[in-house]
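Peer 1: This is the content of work01.cif (mmCIF, C-alpha atoms):
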data_start
#
loop_
_atom_site.label_atom_id
_atom_site.label_comp_id
_atom_site.auth_asym_id
_atom_site.auth_seq_id
_atom_site.Cartn_x
_atom_site.Cartn_y
_atom_site.Cartn_z
CA MET A 1442 1.77 -25.10 18.40
CA GLN A 1443 3.74 -27.77 16.50
CA ARG A 1444 2.73 -26.16 13.22
CA ARG A 1445 3.33 -22.57 14.30
CA CYS A 1446 5.28 -20.71 11.62
CA ARG A 1447 8.65 -19.29 12.42
CA HIS A 1448 8.95 -15.52 12.37
CA GLY A 1449 5.34 -14.87 13.25
CA LYS A 1450 4.37 -11.74 15.11
CA PRO A 1451 5.71 -12.26 18.65
CA GLU A 1452 3.06 -12.89 21.30
CA ASN A 1453 2.38 -9.89 23.53
CA GLU A 1454 4.14 -7.67 20.99
CA SER A 1455 3.03 -4.09 21.66
CA THR A 1456 3.53 -2.69 18.17
CA PRO A 1457 0.29 -1.53 16.49
CA THR A 1458 -0.43 -4.28 13.97
CA PRO A 1459 -4.16 -4.97 14.37
CA LYS A 1460 -5.96 -7.94 12.84
CA THR A 1461 -7.72 -5.58 10.45
CA ALA A 1462 -4.32 -4.77 8.89
CA ALA A 1463 -3.30 -8.43 8.66
CA THR A 1464 -6.65 -9.44 7.17
CA GLY A 1465 -6.57 -6.51 4.76
CA LEU A 1466 -3.10 -7.37 3.46
CA ALA A 1467 -4.06 -11.02 2.98
CA LEU A 1468 -7.22 -10.00 1.14
CA LEU A 1469 -5.28 -7.62 -1.10
CA ALA A 1470 -2.94 -10.46 -2.08
CA PHE A 1471 -5.88 -12.68 -3.07
CA LEU A 1472 -7.66 -9.84 -4.88
CA GLY A 1473 -4.46 -8.85 -6.67
CA ALA A 1474 -4.31 -12.32 -8.21
CA GLY A 1475 -7.86 -11.88 -9.50
CA TYR A 1476 -9.53 -14.01 -6.85
CA THR A 1477 -12.82 -12.84 -5.38
CA SER A 1478 -15.65 -14.38 -3.39
CA ASP A 1479 -17.22 -15.36 -6.72
CA ALA A 1480 -14.19 -16.34 -8.82
CA GLY A 1481 -11.04 -18.42 -8.42
CA PRO A 1482 -9.94 -21.21 -6.08
CA TYR A 1483 -10.03 -19.15 -2.87
CA GLN A 1484 -13.61 -17.90 -2.89
CA ASP A 1485 -14.26 -19.06 0.68
CA GLU A 1486 -11.14 -17.37 2.04
CA VAL A 1487 -11.97 -14.09 0.32
CA ARG A 1488 -15.59 -14.28 1.47
CA LYS A 1489 -14.54 -14.86 5.08
CA GLY A 1490 -12.03 -12.00 4.94
CA ILE A 1491 -14.62 -9.55 3.68
CA TYR A 1492 -17.15 -10.80 6.22
CA TYR A 1493 -14.64 -10.31 9.02
CA LEU A 1494 -13.87 -6.71 8.01
CA ARG A 1495 -17.58 -6.00 7.72
CA SER A 1496 -18.26 -7.46 11.15
CA VAL A 1497 -15.54 -5.54 13.01
CA ALA A 1498 -16.19 -2.14 11.43
CA LEU A 1499 -16.86 0.09 14.43
CA GLU A 1500 -19.71 2.50 13.77
CA THR A 1501 -18.90 6.03 14.97
CA GLN A 1502 -20.41 9.44 14.39
CA TYR A 1503 -17.61 10.03 11.85
CA GLY A 1504 -17.99 6.79 9.88
CA PHE A 1505 -16.71 3.22 10.10
CA ASP A 1506 -13.49 2.75 12.06
CA TRP A 1507 -11.16 -0.22 11.36
CA GLN A 1508 -8.40 0.74 13.79
CA GLN A 1509 -9.46 -2.08 16.13
CA GLY A 1510 -7.65 -0.49 19.04
CA GLY A 1511 -4.41 -0.55 17.06
CA SER A 1512 -3.73 2.33 14.74
CA MET A 1513 -4.68 4.04 11.50
CA TYR A 1514 -2.49 1.45 9.76
CA GLY A 1515 -5.25 -1.07 10.37
CA HIS A 1516 -7.92 1.32 9.16
CA GLY A 1517 -6.13 2.34 5.98
CA ILE A 1518 -5.22 -1.18 4.91
CA ALA A 1519 -8.71 -2.52 5.67
CA LEU A 1520 -10.31 0.30 3.68
CA LEU A 1521 -7.97 -0.35 0.74
CA ALA A 1522 -8.92 -4.04 0.74
CA MET A 1523 -12.64 -3.28 0.94
CA SER A 1524 -12.34 -0.66 -1.81
CA GLU A 1525 -10.58 -3.09 -4.14
CA ALA A 1526 -13.05 -5.85 -3.34
CA MET A 1527 -15.93 -3.51 -4.14
CA ALA A 1528 -14.34 -2.48 -7.45
CA MET A 1529 -13.65 -6.08 -8.50
CA MET A 1530 -17.02 -7.54 -7.52
CA LYS A 1531 -19.39 -5.16 -9.26
CA ILE A 1532 -21.97 -6.78 -11.53
CA ASN A 1533 -23.31 -5.01 -14.61
CA ASP A 1534 -21.57 -1.83 -13.47
CA GLN A 1535 -23.41 -2.01 -10.14
CA PHE A 1536 -21.51 -2.11 -6.87
CA ASP A 1537 -22.55 -4.35 -4.01
CA SER A 1538 -24.62 -1.95 -1.91
CA ASP A 1539 -23.30 -3.20 1.43
CA LEU A 1540 -19.67 -3.01 0.33
CA TYR A 1541 -20.30 0.46 -1.07
CA HIS A 1542 -21.79 1.55 2.24
CA HIS A 1543 -18.80 0.23 4.21
CA VAL A 1544 -16.27 1.84 1.88
CA SER A 1545 -18.12 5.15 1.92
CA GLU A 1546 -18.35 5.19 5.71
CA GLY A 1547 -14.73 4.08 6.01
CA ALA A 1548 -13.64 6.94 3.74
CA ASN A 1549 -15.64 9.34 5.92
CA PHE A 1550 -13.66 8.19 8.96
CA THR A 1551 -10.36 8.60 7.11
CA THR A 1552 -11.35 12.13 6.15
CA PHE A 1553 -12.23 12.94 9.76
CA ALA A 1554 -8.91 11.46 10.98
CA GLN A 1555 -6.66 13.66 8.80
CA HIS A 1556 -4.52 16.14 10.75
CA PRO A 1557 -4.71 19.81 9.65
CA ASN A 1558 -1.17 19.52 8.23
CA GLY A 1559 -2.45 16.93 5.73
CA SER A 1560 -0.96 13.84 7.34
CA TRP A 1561 -2.42 10.90 9.22
CA GLY A 1562 -1.00 9.66 12.51
CA TYR A 1563 -1.40 6.52 14.59
CA THR A 1564 -4.64 7.90 16.02
CA PRO A 1565 -7.22 10.23 14.41
CA GLY A 1566 -6.39 13.90 14.40
CA ARG A 1567 -2.77 13.46 15.47
CA PRO A 1568 0.14 14.71 13.33
CA GLY A 1569 1.44 11.79 11.35
CA ASP A 1570 4.13 10.44 9.07
CA ILE A 1571 4.53 9.42 5.45
CA THR A 1572 4.07 5.67 6.07
CA ILE A 1573 0.64 5.88 7.70
CA THR A 1574 -0.33 8.66 5.28
CA GLY A 1575 0.59 6.34 2.40
CA TRP A 1576 -2.06 3.74 3.19
CA GLN A 1577 -4.74 6.41 3.61
CA VAL A 1578 -3.93 8.01 0.24
CA LEU A 1579 -3.94 4.66 -1.57
CA SER A 1580 -7.23 3.59 0.00
CA LEU A 1581 -8.95 6.93 -0.63
CA SER A 1582 -7.69 7.01 -4.23
CA THR A 1583 -9.19 3.56 -4.84
CA ALA A 1584 -12.46 4.58 -3.20
CA LYS A 1585 -12.56 7.79 -5.25
CA LYS A 1586 -12.24 5.83 -8.51
CA ALA A 1587 -15.41 4.01 -7.50
CA GLY A 1588 -17.23 7.32 -7.07
CA ILE A 1589 -16.90 7.73 -3.30
CA GLU A 1590 -16.88 11.42 -2.52
CA THR A 1591 -14.40 12.98 -0.09
CA ARG A 1592 -13.74 16.48 1.20
CA SER A 1593 -12.61 18.67 -1.69
CA ASP A 1594 -9.29 19.72 -0.14
CA LEU A 1595 -8.31 16.32 1.27
CA PHE A 1596 -5.83 15.30 -1.44
CA ALA A 1597 -4.37 18.80 -1.78
CA ARG A 1598 -3.65 18.83 1.95
CA ALA A 1599 -2.09 15.38 1.76
CA LYS A 1600 0.19 16.55 -1.05
CA ARG A 1601 1.26 19.58 0.99
CA PHE A 1602 2.26 17.25 3.81
CA VAL A 1603 4.27 15.00 1.48
CA MET A 1604 6.07 18.05 0.07
CA SER A 1605 6.76 19.28 3.61
CA VAL A 1606 8.98 16.23 4.26
CA ARG A 1607 10.84 16.63 0.96
CA ASP A 1608 14.57 17.29 1.06
CA GLU A 1609 14.72 20.02 -1.58
CA PRO A 1610 15.71 20.50 -4.32
CA ARG A 1611 15.72 16.73 -4.89
CA TYR A 1612 12.64 14.59 -4.54
CA GLU A 1613 13.82 12.62 -1.54
CA PHE A 1614 11.53 12.27 1.45
CA GLY A 1615 11.72 11.67 5.17
CA TYR A 1616 9.44 10.02 7.72
CA ASN A 1617 7.96 13.16 9.30
CA SER A 1618 10.71 15.67 8.47
CA PRO A 1619 12.98 16.38 5.47
CA LYS A 1620 15.52 13.76 6.58
CA PRO A 1621 15.43 11.38 3.63
CA GLU A 1622 15.58 7.61 3.75
CA ARG A 1623 15.30 5.12 0.92
CA THR A 1624 11.98 3.64 2.04
CA THR A 1625 10.27 6.95 2.72
CA THR A 1626 11.56 8.30 -0.60
CA ALA A 1627 9.93 5.40 -2.45
CA ILE A 1628 6.68 6.07 -0.59
CA GLY A 1629 6.85 9.81 -1.29
CA LEU A 1630 7.40 9.32 -5.02
CA THR A 1631 4.47 6.91 -5.26
CA LEU A 1632 2.15 9.20 -3.30
CA LEU A 1633 3.00 12.20 -5.46
CA LEU A 1634 2.00 10.22 -8.56
CA TYR A 1635 -1.37 9.43 -6.96
CA LEU A 1636 -1.71 13.05 -5.87
CA GLY A 1637 -1.33 14.43 -9.37
CA GLN A 1638 2.40 15.12 -9.73
CA GLN A 1639 3.29 14.35 -13.34
CA PRO A 1640 6.63 13.20 -14.72
CA GLY A 1641 8.52 15.76 -16.80
CA HIS A 1642 10.22 17.76 -14.05
CA SER A 1643 13.95 17.10 -14.06
CA PHE A 1644 14.52 16.66 -10.32
CA PHE A 1645 11.39 14.49 -10.02
CA ASP A 1646 12.33 12.29 -12.96
CA GLN A 1647 15.91 11.92 -11.75
CA GLU A 1648 14.74 10.34 -8.52
CA PHE A 1649 13.14 7.46 -10.42
CA ASP A 1650 16.47 6.90 -12.14
CA ARG A 1651 18.13 6.77 -8.72
CA LEU A 1652 15.62 4.14 -7.57
CA VAL A 1653 16.81 1.90 -10.38
CA GLU A 1654 20.49 2.74 -9.86
CA ARG A 1655 20.32 1.82 -6.17
CA GLY A 1656 18.29 -1.27 -6.99
CA PRO A 1657 15.74 -3.12 -4.84
CA MET A 1658 16.56 -3.58 -1.15
CA LEU A 1659 15.40 -7.24 -1.39
CA THR A 1660 14.89 -7.81 2.34
CA ASN A 1661 12.92 -4.59 2.89
CA VAL A 1662 9.68 -5.46 1.12
CA TYR A 1663 8.05 -2.20 2.25
CA HIS A 1664 10.58 -0.25 0.17
CA ASP A 1665 10.40 -2.64 -2.75
CA TYR A 1666 6.59 -2.57 -2.85
CA TYR A 1667 6.42 1.22 -3.16
CA ALA A 1668 9.45 1.47 -5.46
CA THR A 1669 7.96 -1.17 -7.77
CA MET A 1670 4.65 0.72 -7.87
CA ALA A 1671 6.40 4.01 -8.60
CA LEU A 1672 8.50 2.65 -11.47
CA HIS A 1673 5.51 0.81 -12.94
CA HIS A 1674 3.26 3.85 -12.79
CA VAL A 1675 5.70 6.10 -14.68
CA ARG A 1676 6.49 3.36 -17.20
CA HIS A 1677 10.18 3.83 -16.45
CA ARG A 1678 12.51 2.79 -19.27
CA ASP A 1679 14.29 0.35 -16.92
CA TRP A 1680 11.09 -1.23 -15.58
CA GLU A 1681 11.90 -4.64 -17.06
CA LEU A 1682 15.36 -4.62 -15.47
CA TRP A 1683 13.91 -3.73 -12.07
CA ASN A 1684 11.03 -6.16 -12.28
CA THR A 1685 13.30 -9.03 -13.33
CA GLN A 1686 15.62 -8.42 -10.37
CA VAL A 1687 12.76 -8.36 -7.87
CA ARG A 1688 10.87 -11.27 -9.39
CA ASN A 1689 13.94 -13.54 -9.57
CA HIS A 1690 14.84 -12.73 -5.96
CA LEU A 1691 11.35 -13.53 -4.71
CA VAL A 1692 11.10 -16.76 -6.69
CA ARG A 1693 14.51 -17.83 -5.35
CA THR A 1694 13.75 -17.06 -1.70
CA GLN A 1695 10.19 -18.42 -1.37
CA ALA A 1696 9.88 -21.27 1.14
CA THR A 1697 9.35 -24.61 -0.60
CA SER A 1698 8.87 -27.16 2.16
CA GLY A 1699 6.66 -27.88 5.14
CA HIS A 1700 3.65 -25.81 6.13
CA GLU A 1701 5.68 -22.64 5.43
CA ALA A 1702 5.83 -23.53 1.72
CA GLY A 1703 4.86 -20.57 -0.42
CA SER A 1704 5.71 -17.98 2.23
CA TRP A 1705 8.55 -15.51 2.76
CA HIS A 1706 10.42 -13.99 5.65
CA PHE A 1707 13.49 -11.75 5.64
CA LYS A 1708 15.48 -10.43 8.56
CA ASP A 1709 14.29 -6.84 8.54
CA LYS A 1710 12.94 -4.35 11.08
CA TRP A 1711 9.56 -4.18 9.36
CA GLY A 1712 9.42 -7.90 8.66
CA ASP A 1713 10.27 -8.75 12.26
CA VAL A 1714 7.36 -6.61 13.47
CA GLY A 1715 4.79 -7.73 10.90
CA GLY A 1716 5.89 -11.35 10.84
CA ARG A 1717 5.71 -13.96 8.10
CA LEU A 1718 2.13 -13.13 7.11
CA TYR A 1719 3.00 -9.48 6.50
CA THR A 1720 6.11 -10.35 4.47
CA THR A 1721 4.30 -12.98 2.41
CA ALA A 1722 1.39 -10.68 1.59
CA MET A 1723 3.74 -7.83 0.64
CA CYS A 1724 5.82 -10.13 -1.58
CA ALA A 1725 2.68 -11.30 -3.36
CA LEU A 1726 1.60 -7.70 -3.86
CA ILE A 1727 5.00 -6.81 -5.33
CA LEU A 1728 4.68 -9.65 -7.84
CA GLU A 1729 1.14 -8.52 -8.71
CA VAL A 1730 1.87 -4.81 -9.24
CA TYR A 1731 2.25 -4.87 -13.01
CA TYR A 1732 -1.11 -6.53 -13.66
CA ARG A 1733 -2.93 -5.21 -10.60
CA TYR A 1734 -2.52 -1.60 -11.68
CA LEU A 1735 -2.69 0.19 -15.00
CA PRO A 1736 0.19 2.69 -15.26
CA LEU A 1737 -0.87 6.17 -14.14
CA TYR A 1738 1.39 7.81 -16.73
CA GLU A 1739 2.74 6.78 -20.09
CA ALA A 1740 6.47 6.62 -20.72
CA PRO A 1741 8.02 9.56 -22.64
CA GLU A 1742 8.25 8.88 -26.37
CA GLU A 1743 12.08 8.89 -26.34
CA PHE A 1744 12.00 5.83 -24.07
CA PRO A 1745 9.95 3.26 -26.03
CA LEU A 1746 9.32 -0.07 -24.34
#
Let me see the file written as C-alpha cells.

Peer 2:
Amino acid sequence: MQRRCRHGKPENESTPTPKTAATGLALLAFLGAGYTSDAGPYQDEVRKGIYYLRSVALETQYGFDWQQGGSMYGHGIALLAMSEAMAMMKINDQFDSDLYHHVSEGANFTTFAQHPNGSWGYTPGRPGDITITGWQVLSLSTAKKAGIETRSDLFARAKRFVMSVRDEPRYEFGYNSPKPERTTTAIGLTLLLYLGQQPGHSFFDQEFDRLVERGPMLTNVYHDYYATMALHHVRHRDWELWNTQVRNHLVRTQATSGHEAGSWHFKDKWGDVGGRLYTTAMCALILEVYYRYLPLYEAPEEFPL
C-alpha cells in the first residue's frame, strides 16, 4: 500500500469500470505507440494483456462478452483493443486465427447488444447514450476494416441514433437527447465521420471550427481525445494549432517523480471515476492520434497544410 498511486479508482466504487475496460485502454496505449507482443520494449506486457482479455471472454450464445459484470463500456473497449492488436500483428497478410476468432465473436455480441434505436446502453438491448455507443462504433469500425462481417444495417442504425441526439440545425450533440454538451458534441462529430458523414456541409464544417475556437478542455481528456480525433480525421486547417496546445499541456503536466512518473491525473468527473490509469491511458492515446490513425478525409484544397 505504500506505493499505491494517488487518484486511483476508489475501493468499493460502484461505477461500472470493469477490468476489461482498464486492460483494454492500457493495451491501446501500448499498441498506439507501435508496441506489440512481438515488437518493442513492452512485449511481455502486451502479451499478458491480450492473454487476459482472451481468458475472460465469456462465451454466450450471442458471441464473446467482455462486460465482466460491469457494462458495455468494458466490452467495447476490450473489443477495440483486440481488434487493433489483430490488425497490427498479422504476418504475411494473415491474421492470428485465435485473435480473429475472438474479435469476430466479440463483434457478434456487440451486434446482438444494440438497441433497436441504434444505440448501446450499459447492458445489452437497453436504450443507450452517445458515450457507450462511441466505443462500440470505434471497435466495430476497426473490426470491419479487418474483414469482420456485421449486420448490414448496424452502422446505419447507429448513425440514426447519433442524429437523434443532434441539436438541429447545428451539429451539436447531447448524451441521450438533443441537449448539447462539449464532450458529447466531440463524440458525435467523430462518430459521424466513422459512420460516413463527409465534410462539405456548412453546419457540419462549422462545428469543427468551433472545436478549435473553444480550444481543448485540458482536464477533460475524454473530450480532448474525441476532439483531437475529429480534427485529425478531417485534416482541419488549424490542426497544428490544436495539436500543439494539447501536446504542450500534456508534456507540462506529466508526473516526473516517484512511482507516478510518466502518469497523469486531472481533477475531473471522468478522471475521478476512472482514476490515474484511465487518465494516463487516455493522455497517451491523445498524443498518439496523429500517427495511430490515417485521416479519414483529406483537407479541402483551399486549406493547404

Peer 1: Taking the file above as input, evaluate the PyMOL selection byres ((chain A and resi 1554) around 8) and report the hits as a list of chain:residue names.

Peer 2: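 Checking the PyMOL selection byres ((chain A and resi 1554) around 8) against this file, the residues are A:Phe1550, A:Thr1551, A:Thr1552, A:Phe1553, A:Gln1555, A:His1556, A:Trp1561, A:Thr1564, A:Pro1565, A:Gly1566, A:Arg1567.
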
Peer 1: Quick one: residues within 12 Å of Val1730 in chain A, all atoms listed in the file, excluding same-chain residues fewer than 5 positions away - as number ranges by chain?

Peer 2: A: 1469-1470, 1472-1474, 1665-1674, 1680, 1684, 1687-1688, 1723-1725, 1735-1736

Peer 1: Could you pull the residues within 8 Å of Tyr1738 in chain A, counting only C-alpha atoms, minus those fewer than 4 positions along the same chain, as a PyMOL selection string?

Peer 2: chain A and resi 1639-1640+1674-1676

Peer 1: Give as a PyMOL selection string the residues that the PyMOL selection byres ((chain A and resi 1522) around 9) matches when applied to the coordinates above.

Peer 2: chain A and resi 1464-1469+1472+1491+1517-1521+1523-1527+1580

Peer 1: List every residue of range 1513-1621 of chain A that has an atom at most 6 Å from any atom of range 1500-1504 of chain A, and for each one report the closest atom pair and its distance in Å to one decimal, counting all atoms listed in the file, with rows sorted by chain and then by increasing residue number, as a Markdown table.

Peer 2:
| residue | atom | partner | partner_atom | distance |
| --- | --- | --- | --- | --- |
| A:Glu1546 | CA | A:Gly1504 | CA | 4.5 |
| A:Gly1547 | CA | A:Gly1504 | CA | 5.7 |
| A:Asn1549 | CA | A:Gly1504 | CA | 5.3 |
| A:Phe1550 | CA | A:Gly1504 | CA | 4.6 |

Peer 1: With the file shown as input, list the residues that the PyMOL selection byres ((chain A and resi 1528) around 10) selects, as a PyMOL selection string.

Peer 2: chain A and resi 1522-1527+1529-1532+1534-1537+1540-1541+1583-1584+1586-1587

Peer 1: Just the residues within 8 Å of range 1592-1599 of chain A, please, counting all atoms listed in the file, with nothing from its chain fewer than 2 positions along; format it as a ChimeraX atom specification.

Peer 2: /A:1552,1557-1560,1574,1578,1590,1601-1603,1636

Peer 1: Would you write out those residues with C-alpha atoms, as a compact mmCIF listing (two decimals), in the frame of the given file?

Peer 2:
# COMPACT_ATOMS: atom_id res chain seq x y z
CA THR A 1552 -11.35 12.13 6.15
CA PRO A 1557 -4.71 19.81 9.65
CA ASN A 1558 -1.17 19.52 8.23
CA GLY A 1559 -2.45 16.93 5.73
CA SER A 1560 -0.96 13.84 7.34
CA THR A 1574 -0.33 8.66 5.28
CA VAL A 1578 -3.93 8.01 0.24
CA GLU A 1590 -16.88 11.42 -2.52
CA ARG A 1601 1.26 19.58 0.99
CA PHE A 1602 2.26 17.25 3.81
CA VAL A 1603 4.27 15.00 1.48
CA LEU A 1636 -1.71 13.05 -5.87

Peer 1: May I ask which of the residues A:Lys1708, A:Tyr1635, A:Gly1656, A:Thr1572 is the closest one to Gly1615 in chain A, counting all atoms listed in the file?

Peer 2: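 Of A:Lys1708, A:Tyr1635, A:Gly1656, A:Thr1572, the one nearest Gly1615 in chain A is A:Thr1572, counting all atoms listed in the file.
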
Peer 1: For a test of reading the model, state the distance in Å between CA of Pro1621 in chain A and CA of Arg1607 in chain A, rounded to one decimal.

Peer 2: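 Interatomic distance here is 7.5 Å.
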
Peer 1: I'd like to know which of A:Asn1689, A:Thr1461, A:Asn1617, A:Gln1509 is closest to Gly1490 in chain A, using all atoms listed in the file.

Peer 2: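 Closest to Gly1490 in chain A of all the choices is A:Thr1461.
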
Peer 1: Mind pulling up the distance from CA of Leu1726 in chain A to CA of Ser1605 in chain A?

Peer 2: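 So the answer is 28.5 Å.
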
Peer 1: Would you work out the distance separating CA of His1543 in chain A from CA of Leu1718 in chain A, expressed in Å to one decimal?

Peer 2: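 Computing it gives 25.0 Å between the two atoms.
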